[in-house]
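First comes the structure, then the notes that go with it.
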Amino acid sequence: MGWDERQRAMLAEMGFRLPAVRAAGSVAAEEVDAPAEVAAEHPVAPPAVARAPVAMPPLTAPVAAPAPRIAAPAGFAGLDAPALRDAVAGCRACGLCEQRRNAVYGNGALQQADWLIVTDPPDDADDAAGDALTGDAGRLLDRMLLAAGQSRVAGKNGEAPTAFVTPIIKCRPPRGRAPQPAELDACEAVLARQVELLRPRLVLALGLQAARRLTGLAEPLGKLRGHAHSWGGLPVVVTYHPAYLLRSPADKAGAWDDLCLARRTLTSS
Ligand code: SF4
């Protein structure tokens with residue numbers, strides 16, 4: 001995998017150090033596989049032993065912009081993005097509407113998205129702002145996405161965003177408790193309509209609750225990472241929530257493995 005200057009800068013901001021570019025005639029630094037380099041540089045890894053990259057499992061080749069298997073029910077069916085955002089803001093389909101300050105629709109690509117990033121439920125800051133992944137965790141996510149060649153904001157030269165970020169459930173459960181199955185069921189109608197509108201090629205699940213919901217597996221996050229799953233006909237790759245990575249920077253190397261897996265999943269299609 002090759003790394004341009006921007007990606008190298010983003011990786012550095014994530015805490016990864018790539019080797020300096022070597023002189024012409026030698027092996028270029030960009031040809032070095034990033035996860036192994038990350039492992040070698042990372043403080044929690046044995047410094048002299050490079051960790052093997054995460055193996056790429058056999059994948060069912062995803063089709064660009066597939067039709068989602070999960071269809072939006074009548075309440076949201078047919079709504080365009082602005083109307084759906086408005087509907088979510090006033091949604092009372094489950095009890096979480098009672099204590100939310102703001103529903104969180106999400107942000108990013110306005111039309112087709114390469115990556116749909118589905119996060120754990122809104123935290124207190126997201127609930128207050130009415131937006132997904134605000135603050136330091138959001139800034140870390142933005143650097144991670146840029147390093148992976150994705151972005152949820154427009155580029156400096158007017159490039160359209162390629163990713164959209166939205167929580168698995170749009171209203172914050174009281175005191176940050178885990179959402180209940182009935183609440184997740186109710187809110188999946190919104191996510192299904194977002195998939196119809198955005199036609200993503202891949203879903204990146206950030207955090208345990210998003211990962212368990214999308215994979216249908218009640219496993220620890222570590223068992224859900226490292227291979228692609230399927231949700232509604234879309235490939236799903238699981239990784240850590242950026243808020244967790246801020247608390248546990250040793251796991252940034254694993255997050256980078258997951259982003260590389262996501263890239264390989266799309267390029268193998
Ligand atoms: S969590 Fe989802 S289904 Fe429940 S009220 Fe909020 S937007 Fe509606």
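Chains: A, B, ... in order of the structure tokens. Residues: from 1 per chain. Ligands: from 1, in order shown.
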
(Q) Around ligand 1, which protein and nucleic acid residues have at least one atom no more than 12 Å from it, if we count only C-alpha atoms and all ligand atoms? List them as an NGL selection string. (A) :A and (73 or 75-76 or 84-106 or 121-122 or 127 or 130 or 166-174 or 178-192)

With DSSP run on the backbone, what are the helix (DSSP H, G or I) residues within range 42-257 of chain A? I'd like them as an mmCIF file with C-alpha atoms, in the first residue's frame.
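out.cif, freshly written:
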```cif
data_model
loop_
_atom_site.group_PDB
_atom_site.id
_atom_site.type_symbol
_atom_site.label_atom_id
_atom_site.label_comp_id
_atom_site.auth_asym_id
_atom_site.auth_seq_id
_atom_site.Cartn_x
_atom_site.Cartn_y
_atom_site.Cartn_z
ATOM 1 C CA ALA A 81 -32.076 13.503 3.282
ATOM 2 C CA PRO A 82 -33.315 16.913 4.529
ATOM 3 C CA ALA A 83 -36.785 15.504 5.225
ATOM 4 C CA LEU A 84 -35.318 12.480 6.978
ATOM 5 C CA ARG A 85 -33.125 14.718 9.124
ATOM 6 C CA ASP A 86 -36.200 16.729 10.111
ATOM 7 C CA ALA A 87 -38.147 13.553 10.823
ATOM 8 C CA VAL A 88 -35.390 12.280 13.093
ATOM 9 C CA ALA A 89 -35.272 15.589 14.963
ATOM 10 C CA GLY A 95 -38.885 6.162 24.618
ATOM 11 C CA LEU A 96 -35.461 7.708 24.131
ATOM 12 C CA CYS A 97 -37.146 10.808 22.747
ATOM 13 C CA GLU A 98 -38.213 11.733 26.269
ATOM 14 C CA ASP A 124 -23.265 13.663 26.236
ATOM 15 C CA ALA A 125 -21.426 16.090 23.946
ATOM 16 C CA ASP A 126 -23.111 14.715 20.836
ATOM 17 C CA ASP A 127 -26.491 14.910 22.546
ATOM 18 C CA ALA A 128 -25.842 18.544 23.424
ATOM 19 C CA ALA A 129 -24.565 19.440 19.971
ATOM 20 C CA GLY A 135 -14.727 17.084 20.083
ATOM 21 C CA ASP A 136 -11.409 15.273 20.391
ATOM 22 C CA ALA A 137 -12.840 11.894 19.394
ATOM 23 C CA GLY A 138 -14.208 13.412 16.217
ATOM 24 C CA ARG A 139 -10.878 15.019 15.402
ATOM 25 C CA LEU A 140 -9.142 11.679 15.850
ATOM 26 C CA LEU A 141 -11.694 10.023 13.580
ATOM 27 C CA ASP A 142 -11.107 12.687 10.950
ATOM 28 C CA ARG A 143 -7.357 12.007 11.013
ATOM 29 C CA MET A 144 -7.963 8.267 10.815
ATOM 30 C CA LEU A 145 -10.258 8.716 7.826
ATOM 31 C CA LEU A 146 -7.830 10.987 6.008
ATOM 32 C CA ALA A 147 -5.066 8.463 6.479
ATOM 33 C CA PRO A 174 -30.255 8.063 29.767
ATOM 34 C CA ARG A 175 -26.951 8.239 31.643
ATOM 35 C CA GLY A 176 -25.242 6.563 28.719
ATOM 36 C CA PRO A 181 -33.180 -4.125 21.669
ATOM 37 C CA ALA A 182 -36.611 -2.530 21.117
ATOM 38 C CA GLU A 183 -34.993 0.910 20.894
ATOM 39 C CA LEU A 184 -32.443 -0.357 18.396
ATOM 40 C CA ASP A 185 -35.200 -2.022 16.410
ATOM 41 C CA ALA A 186 -37.170 1.222 16.252
ATOM 42 C CA CYS A 187 -34.194 3.282 15.178
ATOM 43 C CA GLU A 188 -32.990 0.841 12.542
ATOM 44 C CA ALA A 189 -35.695 2.294 10.319
ATOM 45 C CA VAL A 190 -33.725 5.541 10.211
ATOM 46 C CA LEU A 191 -30.458 3.783 9.488
ATOM 47 C CA ALA A 192 -32.097 1.737 6.752
ATOM 48 C CA ARG A 193 -33.308 4.884 5.014
ATOM 49 C CA GLN A 194 -29.859 6.457 5.379
ATOM 50 C CA VAL A 195 -28.391 3.413 3.647
ATOM 51 C CA GLU A 196 -30.909 3.761 0.831
ATOM 52 C CA LEU A 197 -29.984 7.409 0.371
ATOM 53 C CA LEU A 198 -26.207 7.094 0.737
ATOM 54 C CA LEU A 208 -18.946 -2.447 20.757
ATOM 55 C CA GLN A 209 -22.623 -1.552 20.618
ATOM 56 C CA ALA A 210 -22.572 -0.623 16.940
ATOM 57 C CA ALA A 211 -20.495 -3.700 16.148
ATOM 58 C CA ARG A 212 -22.764 -6.102 17.991
ATOM 59 C CA ARG A 213 -25.887 -4.684 16.405
ATOM 60 C CA LEU A 214 -24.544 -4.785 12.868
ATOM 61 C CA THR A 215 -22.925 -8.205 13.129
ATOM 62 C CA LEU A 221 -14.991 -6.365 20.284
ATOM 63 C CA GLY A 222 -11.693 -8.168 19.902
ATOM 64 C CA LYS A 223 -13.468 -11.172 18.405
ATOM 65 C CA LEU A 224 -15.468 -9.027 16.001
ATOM 66 C CA PRO A 242 -12.136 6.906 18.738
ATOM 67 C CA ALA A 243 -13.129 7.925 22.268
ATOM 68 C CA TYR A 244 -11.719 4.598 23.439
ATOM 69 C CA LEU A 245 -8.556 5.154 21.412
ATOM 70 C CA LEU A 246 -8.023 8.483 23.166
ATOM 71 C CA ARG A 247 -8.011 6.590 26.465
ATOM 72 C CA PRO A 249 -3.634 4.855 22.483
ATOM 73 C CA ALA A 250 -1.875 1.478 22.500
ATOM 74 C CA ASP A 251 -4.770 0.174 20.432
ATOM 75 C CA LYS A 252 -4.286 2.699 17.614
ATOM 76 C CA ALA A 253 -2.159 0.126 15.838
ATOM 77 C CA GLY A 254 -5.079 -2.284 15.856
ATOM 78 C CA ALA A 255 -7.354 0.458 14.570
ATOM 79 C CA TRP A 256 -4.975 1.030 11.709
ATOM 80 C CA ASP A 257 -5.091 -2.675 10.894
#
```

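Checking A:Arg201, A:Val165, A:Ser230, A:Leu133 one by one against Thr267 in chain A, counting only C-alpha atoms, you find the shortest gap at A:Arg201.
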
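The coordinates place CA of Thr119 in chain A at 15.1 Å from CA of Gly216 in chain A.
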
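Taking CA of Leu206 in chain A and CA of Arg152 in chain A as the two end points, the separation is 14.7 Å.
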
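Distance-wise, CA of Gln112 in chain A and CA of Ala154 in chain A end up 13.6 Å apart.
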
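Nearest residue to Ala160 in chain A among A:Val118, A:Asp131, A:Leu110, A:Asp123 is A:Leu110, counting only C-alpha atoms.
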